[in-house]
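Quick notes on the structure that follows.
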Amino acid sequence: MPTYLAIAQILVSTALIATILFQTRGGGLGGIFGQPDSVYRTRRGVERTLFHMVIALSVVFVIFAMLIVAAS
């Protein structure tokens, strides 16, 4: 297994863990400031960016995992 792929996967997994932990559970960032969770709303701003980053990082993580398996 090439070392650079393993290092890249470690970096991507660390970034993925960080973005998942930055997301708030339940109502999103509005829940921190007392917004009710029963109201339907869309993701905006930072929440939307974090949501898209989680998706992108998870896809990159899976691609790196497949590359590591193929290189072994």
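Residue numbering restarts at 1 in every chain; chains get A, B, ... in the order shown in the structure tokens, and ligands count up from 1 in that same order.
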
Polymer residues at most 8 Å from range 59-69 of chain A, only C-alpha atoms, same-chain spacing of 5 or more positions, as a ChimeraX atom specification: /A:1-2,5-6,8-9,12-13

CA of Leu16 in chain A to CA of Leu57 in chain A, straight-line distance in Å: 5.8 Å

Top pick for closest residue to Ser58 in chain A, considering A:Ile20, A:Ile7, A:Val46, A:Ala70 and counting only C-alpha atoms: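 Closest to Ser58 in chain A of all the choices is A:Ile20.
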
Computed interatomic separation between CA of Thr14 in chain A and CA of Arg48 in chain A (Å):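 Here the two named atoms are 19.7 Å from each other.
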
Residue neighbourhood Thr49 in chain A, 12 Å, only C-alpha atoms, exclusion window fewer than 6 positions, as a list of chain:residue names: A:Thr19, A:Ile20, A:Phe22, A:Gln23, A:Arg43, A:Ile55, A:Ala56, A:Leu57
